[in-house]
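See below for upload30.cif, which holds mmCIF, C-alpha atoms and all ligand atoms.
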```cif
data_model
loop_
_atom_site.label_atom_id
_atom_site.label_comp_id
_atom_site.auth_asym_id
_atom_site.auth_seq_id
_atom_site.Cartn_x
_atom_site.Cartn_y
_atom_site.Cartn_z
CA MET A 1258 6.90 35.52 8.44
CA ILE A 1259 8.89 36.20 5.25
CA LYS A 1260 6.09 36.30 2.69
CA PRO A 1261 2.60 36.46 4.21
CA SER A 1262 0.94 36.43 0.80
CA VAL A 1263 1.93 32.77 0.47
CA LYS A 1264 -0.75 30.63 2.12
CA ILE A 1265 0.16 27.28 3.62
CA LEU A 1266 -2.33 24.43 3.24
CA VAL A 1267 -1.49 21.11 4.87
CA GLY A 1268 -3.08 17.66 4.62
CA GLY A 1269 -2.24 13.98 4.73
CA ALA A 1270 -1.92 11.27 7.36
CA ASP A 1271 0.42 13.09 9.73
CA ALA A 1272 -1.61 16.31 9.57
CA LYS A 1273 -4.71 14.28 10.32
CA ALA A 1274 -3.08 12.71 13.37
CA ARG A 1275 -1.61 15.90 14.87
CA PRO A 1276 -3.09 19.02 13.25
CA GLN A 1277 -2.06 21.29 16.14
CA TYR A 1278 1.59 20.64 15.35
CA TYR A 1279 1.10 22.06 11.85
CA VAL A 1280 -0.89 25.05 13.14
CA ALA A 1281 1.95 25.80 15.58
CA ALA A 1282 4.43 25.47 12.69
CA GLY A 1283 2.61 28.17 10.69
CA ALA A 1284 -0.01 26.42 8.54
CA ASP A 1285 -2.98 28.59 7.53
CA ILE A 1286 -5.33 25.65 7.09
CA VAL A 1287 -4.92 22.00 8.08
CA PHE A 1288 -7.25 19.57 6.32
CA ARG A 1289 -7.92 16.37 8.25
CA GLY A 1290 -9.68 14.90 5.23
CA ASP A 1291 -9.87 15.90 1.56
CA VAL A 1292 -9.49 19.59 0.67
CA ASP A 1293 -12.86 21.24 1.27
CA PRO A 1294 -13.33 23.95 -1.42
CA ALA A 1295 -15.99 25.70 0.67
CA ALA A 1296 -13.55 26.05 3.57
CA LEU A 1297 -11.08 27.76 1.24
CA VAL A 1298 -13.68 30.26 0.05
CA GLU A 1299 -15.00 31.02 3.54
CA HIS A 1300 -11.64 31.29 5.26
CA ASP A 1301 -10.61 34.84 6.28
CA TRP A 1302 -6.92 33.85 6.59
CA SER A 1303 -6.41 35.99 9.72
CA GLU A 1304 -6.46 32.94 11.99
CA PRO A 1305 -5.28 29.39 11.33
CA ARG A 1306 -8.03 26.82 11.01
CA ILE A 1307 -8.33 23.04 11.26
CA VAL A 1308 -10.92 21.68 8.84
CA GLU A 1309 -12.35 18.41 10.15
CA ASP A 1310 -12.86 15.31 8.03
CA TYR A 1311 -14.33 16.11 4.63
CA ARG A 1312 -14.79 13.80 1.67
CA LEU A 1313 -14.89 15.16 -1.86
CA PRO A 1314 -17.30 13.30 -4.13
CA PHE A 1315 -15.26 10.43 -5.58
CA THR A 1316 -15.87 11.41 -9.20
CA ALA A 1317 -14.36 14.85 -8.47
CA LEU A 1318 -11.03 13.11 -7.83
CA SER A 1319 -10.94 11.19 -11.08
CA ARG A 1320 -9.40 13.85 -13.35
CA PRO A 1321 -6.08 14.90 -11.79
CA ALA A 1322 -4.76 18.19 -13.24
CA PHE A 1323 -1.55 16.69 -14.62
CA HIS A 1324 -0.71 19.94 -16.42
CA LYS A 1325 -0.07 21.57 -13.03
CA LEU A 1326 2.78 19.13 -12.36
CA GLY A 1327 5.00 20.57 -15.07
CA ASP A 1328 6.86 17.81 -16.83
CA VAL A 1329 5.01 14.58 -16.05
CA ALA A 1330 7.88 12.59 -17.61
CA ARG A 1331 9.92 13.25 -14.45
CA TYR A 1332 7.67 10.89 -12.45
CA ILE A 1333 9.69 7.73 -12.92
CA ASP A 1334 9.62 6.32 -9.38
CA SER A 1335 7.33 3.61 -8.30
CA HIS A 1336 6.05 3.17 -4.74
CA ASP A 1337 8.36 0.33 -3.88
CA GLY A 1338 11.66 0.79 -5.65
CA PRO A 1339 12.67 1.30 -9.28
CA VAL A 1340 10.47 -0.40 -11.86
CA PRO A 1341 11.88 -3.50 -13.56
CA GLU A 1342 13.44 -3.39 -17.01
CA GLY A 1343 10.81 -3.03 -19.75
CA VAL A 1344 8.30 -1.16 -17.57
CA SER A 1345 7.75 2.28 -19.06
CA THR A 1346 7.40 5.54 -17.19
CA PRO A 1347 6.00 7.98 -16.12
CA VAL A 1348 4.28 6.30 -13.22
CA GLY A 1349 0.93 7.57 -11.95
CA PHE A 1350 -0.93 6.66 -8.77
CA ILE A 1351 -4.57 5.77 -9.24
CA TYR A 1352 -7.51 4.36 -7.32
CA PHE A 1353 -10.95 3.17 -8.30
CA THR A 1354 -12.25 2.53 -4.80
CA ARG A 1355 -11.77 4.03 -1.39
CA GLY A 1356 -12.49 2.78 2.09
CA CYS A 1357 -12.64 -0.71 3.53
CA PRO A 1358 -15.22 -2.27 5.86
CA ARG A 1359 -12.77 -4.85 7.24
CA GLU A 1360 -11.69 -4.62 10.87
CA CYS A 1361 -7.87 -5.12 10.83
CA ASP A 1362 -6.81 -3.57 14.12
CA PHE A 1363 -3.57 -1.95 12.85
CA CYS A 1364 -5.09 -0.19 9.83
CA GLU A 1365 -6.34 3.39 9.65
CA SER A 1366 -8.69 2.50 6.80
CA ARG A 1367 -10.59 -0.05 8.91
CA ARG A 1368 -14.36 0.19 8.93
CA THR A 1369 -14.50 3.08 6.50
CA LYS A 1370 -17.20 3.42 3.91
CA PHE A 1371 -16.37 1.49 0.76
CA GLU A 1372 -17.05 3.40 -2.45
CA ALA A 1373 -16.32 2.53 -6.07
CA LEU A 1374 -16.17 4.84 -9.05
CA PRO A 1375 -18.86 3.93 -11.56
CA LEU A 1376 -17.18 1.78 -14.24
CA ASP A 1377 -17.75 4.38 -16.98
CA ASP A 1378 -16.01 7.01 -14.85
CA ALA A 1379 -13.18 4.58 -14.13
CA ILE A 1380 -12.62 4.03 -17.84
CA GLU A 1381 -12.75 7.77 -18.53
CA MET A 1382 -10.16 8.24 -15.79
CA LEU A 1383 -7.89 5.69 -17.47
CA LYS A 1384 -8.21 7.55 -20.77
CA HIS A 1385 -7.33 10.77 -18.93
CA TYR A 1386 -4.16 9.16 -17.51
CA ARG A 1387 -3.21 7.67 -20.88
CA ASP A 1388 -3.83 10.94 -22.74
CA ASN A 1389 -1.56 12.71 -20.25
CA GLY A 1390 1.28 10.33 -21.00
CA ILE A 1391 1.08 8.02 -17.96
CA ARG A 1392 2.33 4.57 -18.90
CA THR A 1393 2.41 2.73 -15.60
CA LEU A 1394 -0.05 2.69 -12.71
CA ASN A 1395 0.37 2.17 -8.99
CA PHE A 1396 -2.94 1.10 -7.48
CA SER A 1397 -3.65 2.96 -4.23
CA ASP A 1398 -7.00 1.39 -3.38
CA ASP A 1399 -7.56 0.33 0.21
CA ASN A 1400 -9.18 -2.90 -0.91
CA LEU A 1401 -9.54 -3.20 -4.68
CA LEU A 1402 -10.78 -6.79 -4.56
CA LEU A 1403 -14.01 -5.76 -2.86
CA LEU A 1404 -15.14 -4.66 -6.32
CA LYS A 1405 -17.60 -6.91 -8.11
CA ARG A 1406 -15.98 -9.59 -10.28
CA ASP A 1407 -17.49 -8.26 -13.54
CA TYR A 1408 -16.21 -4.76 -12.78
CA ILE A 1409 -12.70 -6.07 -12.09
CA ILE A 1410 -12.61 -8.06 -15.32
CA ALA A 1411 -13.88 -5.12 -17.42
CA LEU A 1412 -11.37 -2.79 -15.76
CA PHE A 1413 -8.36 -5.01 -16.33
CA ARG A 1414 -9.33 -5.78 -19.89
CA THR A 1415 -9.38 -2.02 -20.53
CA LEU A 1416 -6.01 -1.56 -18.83
CA ARG A 1417 -4.48 -4.16 -21.13
CA GLU A 1418 -6.10 -2.71 -24.24
CA MET A 1419 -4.61 0.68 -23.32
CA GLY A 1420 -1.17 -0.89 -22.88
CA PHE A 1421 -0.61 -0.01 -19.21
CA ALA A 1422 1.80 -1.73 -16.85
CA TRP A 1423 0.84 -1.81 -13.15
CA GLU A 1424 1.67 -2.78 -9.61
CA PHE A 1425 -0.28 -3.27 -6.39
CA PRO A 1426 1.87 -1.61 -3.71
CA ASN A 1427 -0.91 -1.33 -1.12
CA GLY A 1428 -1.50 -5.03 -0.87
CA LEU A 1429 -4.45 -7.10 -1.99
CA GLU A 1430 -6.89 -9.15 0.05
CA ILE A 1431 -5.90 -12.27 -1.85
CA GLY A 1432 -8.41 -14.42 0.04
CA ARG A 1433 -11.01 -12.78 -2.24
CA PHE A 1434 -9.73 -15.01 -5.04
CA MET A 1435 -11.47 -17.94 -3.34
CA ARG A 1436 -15.07 -18.71 -4.31
CA GLY A 1437 -15.92 -21.13 -1.51
CA GLU A 1438 -13.40 -23.93 -1.95
CA GLU A 1439 -12.68 -22.97 -5.58
CA LEU A 1440 -9.78 -20.75 -6.54
CA ASP A 1441 -10.82 -18.22 -9.20
CA SER A 1442 -7.82 -18.74 -11.49
CA GLU A 1443 -9.42 -16.71 -14.27
CA LEU A 1444 -9.65 -13.64 -12.03
CA VAL A 1445 -6.05 -14.13 -10.87
CA GLY A 1446 -5.02 -14.16 -14.53
CA HIS A 1447 -6.83 -10.90 -15.26
CA LEU A 1448 -4.89 -9.11 -12.53
CA PHE A 1449 -1.43 -10.63 -12.85
CA GLN A 1450 -0.72 -11.91 -16.36
CA ASN A 1451 1.73 -9.80 -18.30
CA THR A 1452 3.32 -9.65 -21.72
CA ARG A 1453 5.73 -7.60 -23.80
CA ASP A 1454 4.27 -5.47 -26.56
CA PRO A 1455 5.78 -7.09 -29.69
CA THR A 1456 6.43 -3.76 -31.40
CA THR A 1457 7.55 -1.51 -28.55
CA GLY A 1458 8.94 -4.10 -26.12
CA HIS A 1459 6.97 -2.38 -23.33
CA HIS A 1460 5.76 -4.42 -20.40
CA VAL A 1461 1.95 -4.67 -20.39
CA GLY A 1462 0.20 -6.00 -17.30
CA ALA A 1463 1.28 -6.55 -13.71
CA TYR A 1464 4.91 -6.37 -12.65
CA ARG A 1465 4.75 -6.29 -8.84
CA VAL A 1466 2.34 -7.13 -6.03
CA PHE A 1467 2.44 -6.79 -2.27
CA VAL A 1468 0.84 -9.75 -0.51
CA PRO A 1469 -0.06 -8.88 3.10
CA VAL A 1470 0.47 -12.12 5.02
CA GLU A 1471 0.09 -10.09 8.27
CA THR A 1472 0.60 -13.04 10.64
CA PHE A 1473 1.31 -16.75 10.52
CA ASP A 1474 -0.12 -17.58 13.94
CA HIS A 1475 -3.05 -15.27 14.75
CA ARG A 1476 -4.89 -15.52 11.47
CA ALA A 1477 -8.28 -16.07 13.07
CA GLY A 1478 -8.05 -12.50 14.41
CA TYR A 1479 -8.39 -11.07 10.88
CA LYS A 1480 -11.48 -11.86 8.86
CA LYS A 1481 -9.68 -11.16 5.59
CA LEU A 1482 -7.11 -13.91 6.17
CA LYS A 1483 -7.62 -17.47 4.96
CA PRO A 1484 -5.84 -20.45 6.54
CA VAL A 1485 -2.14 -20.57 5.63
CA GLU A 1486 -2.63 -23.57 3.31
CA THR A 1487 -5.31 -21.70 1.32
CA GLN A 1488 -3.19 -18.56 1.27
CA ASN A 1489 -0.25 -20.52 -0.13
CA ARG A 1490 -2.46 -22.09 -2.78
CA ILE A 1491 -3.47 -18.59 -3.92
CA ILE A 1492 0.16 -17.40 -3.84
CA GLY A 1493 1.04 -20.39 -6.03
CA GLU A 1494 -1.59 -19.32 -8.57
CA ILE A 1495 -0.26 -15.74 -8.59
CA LEU A 1496 3.26 -17.07 -9.17
CA LYS A 1497 1.97 -19.24 -12.01
CA SER A 1498 0.68 -16.12 -13.76
CA GLY A 1499 4.27 -14.99 -14.33
CA ILE A 1500 4.39 -11.92 -12.07
CA PRO A 1501 8.06 -10.83 -12.02
CA GLU A 1502 8.19 -9.34 -8.50
CA ILE A 1503 6.29 -10.21 -5.35
CA ASN A 1504 6.57 -8.78 -1.82
CA PHE A 1505 5.30 -10.31 1.38
CA GLY A 1506 4.74 -8.56 4.70
CA VAL A 1507 4.12 -9.62 8.28
CA VAL A 1508 3.18 -7.22 11.10
CA LEU A 1509 4.96 -7.80 14.39
CA GLY A 1510 2.68 -6.94 17.30
CA ARG A 1511 3.53 -6.11 20.89
CA SER A 1512 2.72 -9.65 22.00
CA ALA A 1513 5.47 -11.21 19.80
CA ASP A 1514 7.33 -14.01 21.58
CA ASP A 1515 9.78 -16.75 20.59
CA HIS A 1516 7.01 -18.71 18.87
CA THR A 1517 6.06 -15.69 16.76
CA PHE A 1518 9.57 -15.41 15.35
CA GLN A 1519 9.81 -19.16 14.77
CA ASN A 1520 6.45 -19.13 12.97
CA ILE A 1521 7.57 -16.25 10.75
CA LYS A 1522 10.73 -18.17 9.88
CA ASN A 1523 8.85 -21.39 9.13
CA GLY A 1524 6.03 -19.65 7.25
CA TYR A 1525 8.36 -17.63 5.07
CA ASP A 1526 10.62 -20.64 4.41
CA CYS A 1527 7.57 -22.44 3.04
CA ILE A 1528 6.64 -19.52 0.75
CA LYS A 1529 10.28 -19.18 -0.34
CA SER A 1530 10.43 -22.79 -1.40
CA MET A 1531 7.34 -22.19 -3.55
CA VAL A 1532 8.79 -19.03 -5.07
CA LYS A 1533 12.04 -20.83 -5.93
CA THR A 1534 10.18 -23.18 -8.25
CA TYR A 1535 9.28 -20.25 -10.53
CA ALA A 1536 12.32 -19.06 -12.44
CA GLY A 1537 12.53 -15.34 -13.02
CA VAL A 1538 10.44 -14.32 -9.97
CA ASP A 1539 12.07 -11.97 -7.49
CA ALA A 1540 10.63 -11.85 -4.01
CA ARG A 1541 11.06 -9.82 -0.88
CA TYR A 1542 10.06 -10.95 2.61
CA SER A 1543 9.40 -8.21 5.15
CA VAL A 1544 8.56 -8.01 8.81
CA PHE A 1545 7.15 -4.69 10.00
CA HIS A 1546 6.81 -3.34 13.49
CA LEU A 1547 3.39 -2.10 14.48
CA ILE A 1548 2.79 1.63 14.24
CA PRO A 1549 0.61 2.55 17.23
CA ILE A 1550 -2.30 3.92 15.24
CA SER A 1551 -5.86 2.76 14.71
CA LEU A 1552 -6.94 0.53 17.65
CA PHE A 1553 -3.43 0.75 19.12
CA ARG A 1554 -3.48 4.55 19.32
CA SER A 1555 -3.70 4.61 23.11
CA MET A 1556 -1.10 1.92 23.79
CA LYS A 1557 1.87 2.83 25.96
CA THR A 1558 4.82 4.00 23.89
CA ASN A 1559 8.33 4.98 24.89
CA PHE A 1560 8.09 8.28 23.02
CA SER A 1561 5.07 10.24 21.79
CA ALA A 1562 4.68 11.17 18.13
CA ASP A 1563 5.53 14.77 19.04
CA GLU A 1564 8.68 13.84 20.97
CA PHE A 1565 10.09 11.46 18.37
CA PRO A 1566 8.02 11.44 15.15
CA GLU A 1567 10.79 9.70 13.17
CA GLY A 1568 10.52 6.72 15.53
CA TRP A 1569 6.91 6.10 14.52
CA ASN A 1570 7.60 3.92 11.53
CA PHE A 1571 7.46 0.28 10.43
CA TYR A 1572 11.15 -0.31 11.01
CA PHE A 1573 11.44 0.45 14.70
CA PRO A 1574 9.16 -0.42 17.62
CA ILE A 1575 8.33 2.72 19.57
CA TYR A 1576 7.08 0.50 22.41
CA ASP A 1577 8.26 -2.32 24.67
CA GLY A 1578 6.61 -5.63 23.90
CA ASP A 1579 4.94 -8.01 26.35
CA HIS A 1580 7.95 -10.34 26.19
CA PHE A 1581 10.79 -8.22 24.78
CA SER A 1582 12.03 -4.66 25.20
CA ALA A 1583 11.82 -2.35 22.17
CA MET A 1584 15.51 -2.95 21.42
CA GLU A 1585 15.12 -6.72 21.74
CA LEU A 1586 12.10 -6.66 19.41
CA PHE A 1587 14.13 -4.69 16.89
CA ASP A 1588 17.12 -7.06 17.16
CA ARG A 1589 14.91 -10.14 16.86
CA ARG A 1590 13.24 -8.72 13.77
CA VAL A 1591 16.59 -7.97 12.13
CA GLU A 1592 17.83 -11.45 13.03
CA VAL A 1593 14.83 -13.22 11.51
CA ILE A 1594 14.95 -11.05 8.38
CA GLN A 1595 18.67 -11.71 7.93
CA SER A 1596 17.99 -15.41 7.99
CA ILE A 1597 15.09 -15.21 5.50
CA ASP A 1598 15.96 -12.37 3.16
CA PRO A 1599 19.54 -11.08 3.46
CA SER A 1600 18.88 -8.45 0.76
CA ILE A 1601 16.51 -6.66 3.15
CA ASP A 1602 19.44 -6.26 5.51
CA VAL A 1603 21.32 -4.50 2.71
CA ILE A 1604 18.26 -2.36 1.93
CA MET A 1605 18.05 -1.23 5.55
CA LYS A 1606 21.68 -0.15 5.52
CA THR A 1607 21.81 1.48 2.09
CA GLY A 1608 18.25 2.75 1.71
CA MET A 1609 18.20 1.20 -1.80
CA TYR A 1610 15.52 -1.31 -2.72
CA ALA A 1611 16.55 -4.70 -4.03
CA TYR A 1612 15.09 -8.14 -4.59
CA SER A 1613 16.51 -11.43 -3.37
S1 LIG B 1 -8.36 -5.34 4.57
FE1 LIG B 1 -6.64 -3.95 4.21
S2 LIG B 1 -7.52 -1.91 3.99
FE2 LIG B 1 -9.08 -3.22 4.92
S3 LIG B 1 -8.86 -2.89 7.13
FE3 LIG B 1 -7.61 -4.69 6.59
S4 LIG B 1 -5.53 -3.89 6.17
FE4 LIG B 1 -6.99 -2.14 6.13
#
```
Please express what this file holds, its structure, as structure tokens.
Amino acid sequence: MIKPSVKILVGGADAKARPQYYVAAGADIVFRGDVDPAALVEHDWSEPRIVEDYRLPFTALSRPAFHKLGDVARYIDSHDGPVPEGVSTPVGFIYFTRGCPRECDFCESRRTKFEALPLDDAIEMLKHYRDNGIRTLNFSDDNLLLLKRDYIIALFRTLREMGFAWEFPNGLEIGRFMRGEELDSELVGHLFQNTRDPTTGHHVGAYRVFVPVETFDHRAGYKKLKPVETQNRIIGEILKSGIPEINFGVVLGRSADDHTFQNIKNGYDCIKSMVKTYAGVDARYSVFHLIPISLFRSMKTNFSADEFPEGWNFYFPIYDGDHFSAMELFDRRVEVIQSIDPSIDVIMKTGMYAYS
């Protein structure tokens, strides 16, 4: 060890999944949940320790110490590629809720306790971000639309009054815009409408959203998904609001067969034809391989996370499918993406985001 006075604290999704790896690599403490202040005080630092899941009170997370970051102005990157022209930086990540009671089998957040910051705290948090120079927000909520309608409306009114721009990189449960058979167009407007500030020219309002389509053919398996026709109606309303950039994503499971790929092609072609009727909207159409986490954690894989951690990502299947080998699944995914969204093919080769 070069400098034993430096203590190494590790956390995050990978540390949660394989804490022993980080202990073996020299971490003093591995946090499988939030940082537990009591564990820091009690720790004698002579032996490494894994601190099991701990949740800080939500309000304790609502005042990030921006001054510890140095120059906040350097934070110009968004989650999903450079921000469009007119969107100001720096960009700050923010969340008003955490947890999600839904059951989506591929998601680590499934069936976790849903909590919302009290609205007054949420507004204080926004002031804190604004007063620290943050101009644009990336929402990191697991499922923002589980909030009550009145809360959402008050929150987004405040965001507009404060002049923020924002994006939803985590995806939204867009089926929540339906009230029975009625589409809540007013609520859609609160989230997605956007303008230019007449004096500064800054973009105010939404500039990008990720819409998790998840699947075109096994929609009954996910309670959050509405029938495709209803989903497309909601997407149409979002497009009508004037959102400049929209991303769609489908998850490719192990059971994918020829029909799955044909359904992705047909489903995306239908959405594309809708998107094309709105001038000035850029869209991206993705297909992701399943990462064997959550309910798929024990599935057979070709390499373990310790043997080949880089392989455990959305862009390569670390498993053979029921109908295709891993390589065939990969090739079929690339083929379908090339036919739907050639710019994604470029993205994969250059590592630079773009919109078709
Ligand atoms: S709705 Fe979203 S956050 Fe909730 S379990 Fe499903 S994918 Fe995860």
Q: Name the residues, by chain letter and number, that sit within 12 Å of ligand LIG 1 (chain B) using all atoms listed in the file, and give them as a VMD selection string.
A: chain A and resid 1354 to 1371 1397 to 1403 1426 to 1433 1467 to 1472 1478 to 1482 1506 to 1508 1550 to 1552
Please save C-alpha atoms of the selected residues as a PDB file, keeping the file's coordinate frame.
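For reference, selection12.pdb as written:
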```
ATOM      1  CA  THR A1354     -12.250   2.530  -4.800  1.00  0.00           C
ATOM      2  CA  ARG A1355     -11.770   4.030  -1.390  1.00  0.00           C
ATOM      3  CA  GLY A1356     -12.490   2.780   2.090  1.00  0.00           C
ATOM      4  CA  CYS A1357     -12.640  -0.710   3.530  1.00  0.00           C
ATOM      5  CA  PRO A1358     -15.220  -2.270   5.860  1.00  0.00           C
ATOM      6  CA  ARG A1359     -12.770  -4.850   7.240  1.00  0.00           C
ATOM      7  CA  GLU A1360     -11.690  -4.620  10.870  1.00  0.00           C
ATOM      8  CA  CYS A1361      -7.870  -5.120  10.830  1.00  0.00           C
ATOM      9  CA  ASP A1362      -6.810  -3.570  14.120  1.00  0.00           C
ATOM     10  CA  PHE A1363      -3.570  -1.950  12.850  1.00  0.00           C
ATOM     11  CA  CYS A1364      -5.090  -0.190   9.830  1.00  0.00           C
ATOM     12  CA  GLU A1365      -6.340   3.390   9.650  1.00  0.00           C
ATOM     13  CA  SER A1366      -8.690   2.500   6.800  1.00  0.00           C
ATOM     14  CA  ARG A1367     -10.590  -0.050   8.910  1.00  0.00           C
ATOM     15  CA  ARG A1368     -14.360   0.190   8.930  1.00  0.00           C
ATOM     16  CA  THR A1369     -14.500   3.080   6.500  1.00  0.00           C
ATOM     17  CA  LYS A1370     -17.200   3.420   3.910  1.00  0.00           C
ATOM     18  CA  PHE A1371     -16.370   1.490   0.760  1.00  0.00           C
ATOM     19  CA  SER A1397      -3.650   2.960  -4.230  1.00  0.00           C
ATOM     20  CA  ASP A1398      -7.000   1.390  -3.380  1.00  0.00           C
ATOM     21  CA  ASP A1399      -7.560   0.330   0.210  1.00  0.00           C
ATOM     22  CA  ASN A1400      -9.180  -2.900  -0.910  1.00  0.00           C
ATOM     23  CA  LEU A1401      -9.540  -3.200  -4.680  1.00  0.00           C
ATOM     24  CA  LEU A1402     -10.780  -6.790  -4.560  1.00  0.00           C
ATOM     25  CA  LEU A1403     -14.010  -5.760  -2.860  1.00  0.00           C
ATOM     26  CA  PRO A1426       1.870  -1.610  -3.710  1.00  0.00           C
ATOM     27  CA  ASN A1427      -0.910  -1.330  -1.120  1.00  0.00           C
ATOM     28  CA  GLY A1428      -1.500  -5.030  -0.870  1.00  0.00           C
ATOM     29  CA  LEU A1429      -4.450  -7.100  -1.990  1.00  0.00           C
ATOM     30  CA  GLU A1430      -6.890  -9.150   0.050  1.00  0.00           C
ATOM     31  CA  ILE A1431      -5.900 -12.270  -1.850  1.00  0.00           C
ATOM     32  CA  GLY A1432      -8.410 -14.420   0.040  1.00  0.00           C
ATOM     33  CA  ARG A1433     -11.010 -12.780  -2.240  1.00  0.00           C
ATOM     34  CA  PHE A1467       2.440  -6.790  -2.270  1.00  0.00           C
ATOM     35  CA  VAL A1468       0.840  -9.750  -0.510  1.00  0.00           C
ATOM     36  CA  PRO A1469      -0.060  -8.880   3.100  1.00  0.00           C
ATOM     37  CA  VAL A1470       0.470 -12.120   5.020  1.00  0.00           C
ATOM     38  CA  GLU A1471       0.090 -10.090   8.270  1.00  0.00           C
ATOM     39  CA  THR A1472       0.600 -13.040  10.640  1.00  0.00           C
ATOM     40  CA  GLY A1478      -8.050 -12.500  14.410  1.00  0.00           C
ATOM     41  CA  TYR A1479      -8.390 -11.070  10.880  1.00  0.00           C
ATOM     42  CA  LYS A1480     -11.480 -11.860   8.860  1.00  0.00           C
ATOM     43  CA  LYS A1481      -9.680 -11.160   5.590  1.00  0.00           C
ATOM     44  CA  LEU A1482      -7.110 -13.910   6.170  1.00  0.00           C
ATOM     45  CA  GLY A1506       4.740  -8.560   4.700  1.00  0.00           C
ATOM     46  CA  VAL A1507       4.120  -9.620   8.280  1.00  0.00           C
ATOM     47  CA  VAL A1508       3.180  -7.220  11.100  1.00  0.00           C
ATOM     48  CA  ILE A1550      -2.300   3.920  15.240  1.00  0.00           C
ATOM     49  CA  SER A1551      -5.860   2.760  14.710  1.00  0.00           C
ATOM     50  CA  LEU A1552      -6.940   0.530  17.650  1.00  0.00           C
TER      51      LEU A1552
END
```
Q: Excluding Ser1512 of chain A and any residue of its chain fewer than 2 positions from it, enumerate the residues within 8 Å of it, using only C-alpha atoms, and give them as number ranges by chain.
A: A: 1510, 1514, 1578-1580
File dump, residues just selected, C-alpha atoms, as a PDB file, in the frame of the given file:
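Result file is part.pdb:
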```pdb
ATOM      1  CA  GLY A1510       2.680  -6.940  17.300  1.00  0.00           C
ATOM      2  CA  ASP A1514       7.330 -14.010  21.580  1.00  0.00           C
ATOM      3  CA  GLY A1578       6.610  -5.630  23.900  1.00  0.00           C
ATOM      4  CA  ASP A1579       4.940  -8.010  26.350  1.00  0.00           C
ATOM      5  CA  HIS A1580       7.950 -10.340  26.190  1.00  0.00           C
TER       6      HIS A1580
END
```
**Q.** Closest of A:Leu1318, A:Val1348, A:Leu1313, A:Val1591 to Arg1331 of chain A - atom-to-atom distances counting all atoms listed in the file
**A.** A:Val1348
Q. Using all atoms listed in the file, which residue out of A:Phe1518, A:Phe1565, A:Phe1353, A:Phe1396 lies closest to Val1466 of chain A?
A.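 Of A:Phe1518, A:Phe1565, A:Phe1353, A:Phe1396, the one nearest Val1466 of chain A is A:Phe1396, counting all atoms listed in the file.
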Q: Select, from A:Glu1502, A:Gly1268, A:Glu1567, A:Ala1422, the residue with the minimum atom-to-atom distance to Gly1338 of chain A, counting all atoms listed in the file.
A: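 Checking each of A:Glu1502, A:Gly1268, A:Glu1567, A:Ala1422 against Gly1338 of chain A, counting all atoms listed in the file, the winner is A:Glu1502.
Counting all atoms listed in the file and comparing A:Ile1380, A:Val1280, A:Ile1391, A:Ile1410, the residue that lies closest to Tyr1332 of chain A is A:Ile1391.
Using only C-alpha atoms, the smallest distance between any of A:Ala1477, A:Val1538, A:Leu1394, A:Ala1562 and Leu1416 of chain A comes from A:Leu1394.
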Hey, could you make a per-residue contact list for segment 1385-1486 of chain A against segment 1322-1330 of chain A with 10 Å as the cut-off, showing the nearest pair of atoms and its distance in Å to one decimal, counting all atoms listed in the file, sorted by chain and number, as JSON lines?
```
{"residue": "A:His1385", "atom": "CA", "partner": "A:Phe1323", "partner_atom": "CA", "distance": 9.3}
{"residue": "A:Tyr1386", "atom": "CA", "partner": "A:Phe1323", "partner_atom": "CA", "distance": 8.5}
{"residue": "A:Asn1389", "atom": "CA", "partner": "A:Phe1323", "partner_atom": "CA", "distance": 6.9}
{"residue": "A:Gly1390", "atom": "CA", "partner": "A:Val1329", "partner_atom": "CA", "distance": 7.5}
{"residue": "A:Ile1391", "atom": "CA", "partner": "A:Val1329", "partner_atom": "CA", "distance": 7.9}
{"residue": "A:Arg1392", "atom": "CA", "partner": "A:Ala1330", "partner_atom": "CA", "distance": 9.8}
```
Q. Which residues, written as a PyMOL selection string, have at least one atom at most 8 Å from Leu1586 of chain A, with only C-alpha atoms counted and residues fewer than 5 positions away on the same chain left out?
A. chain A and resi 1574+1577-1578+1581
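Going from atom CA of Asp1515 of chain A over to atom CA of Cys1527 of chain A, you cover 18.6 Å.
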Provide an axis-aligned box for all listed atoms of segment 1467-1486 of chain A, padding each side by 8 Å; report its centre and its edge lengths in Å to one decimal, as JSON.
```
{"center_x": -4.5, "center_y": -15.2, "center_z": 6.2, "size_x": 29.9, "size_y": 32.8, "size_z": 33.0}
```
Q: Tell me, in Å to one decimal, how far atom CA of Val1263 of chain A is from atom CA of Gly1290 of chain A.
A: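 Between atom CA of Val1263 of chain A and atom CA of Gly1290 of chain A the gap is 21.8 Å.
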Q: State, in Å with one decimal place, the distance from atom CA of Val1292 of chain A to atom CA of Tyr1311 of chain A.
A: 7.2 Å
Q) Nearest to His1475 of chain A among A:Phe1449, A:Lys1264, A:His1546, A:Thr1517, with distances taken over all atoms listed in the file: which residue is it? A) A:Thr1517
Q. Which residues come within 10 Å of Ile1503 of chain A, counting only C-alpha atoms, excluding same-chain residues fewer than 6 positions away, as a PyMOL selection string?
A. chain A and resi 1424-1426+1464-1468+1492+1495-1496+1532+1538-1542+1612
Q: Show which residues sit within 12 Å of His1516 of chain A, as a ChimeraX atom specification. Count only C-alpha atoms, and ignore same-chain residues fewer than 6 positions away.
A: /A:1472-1475,1509,1522-1524,1580,1589
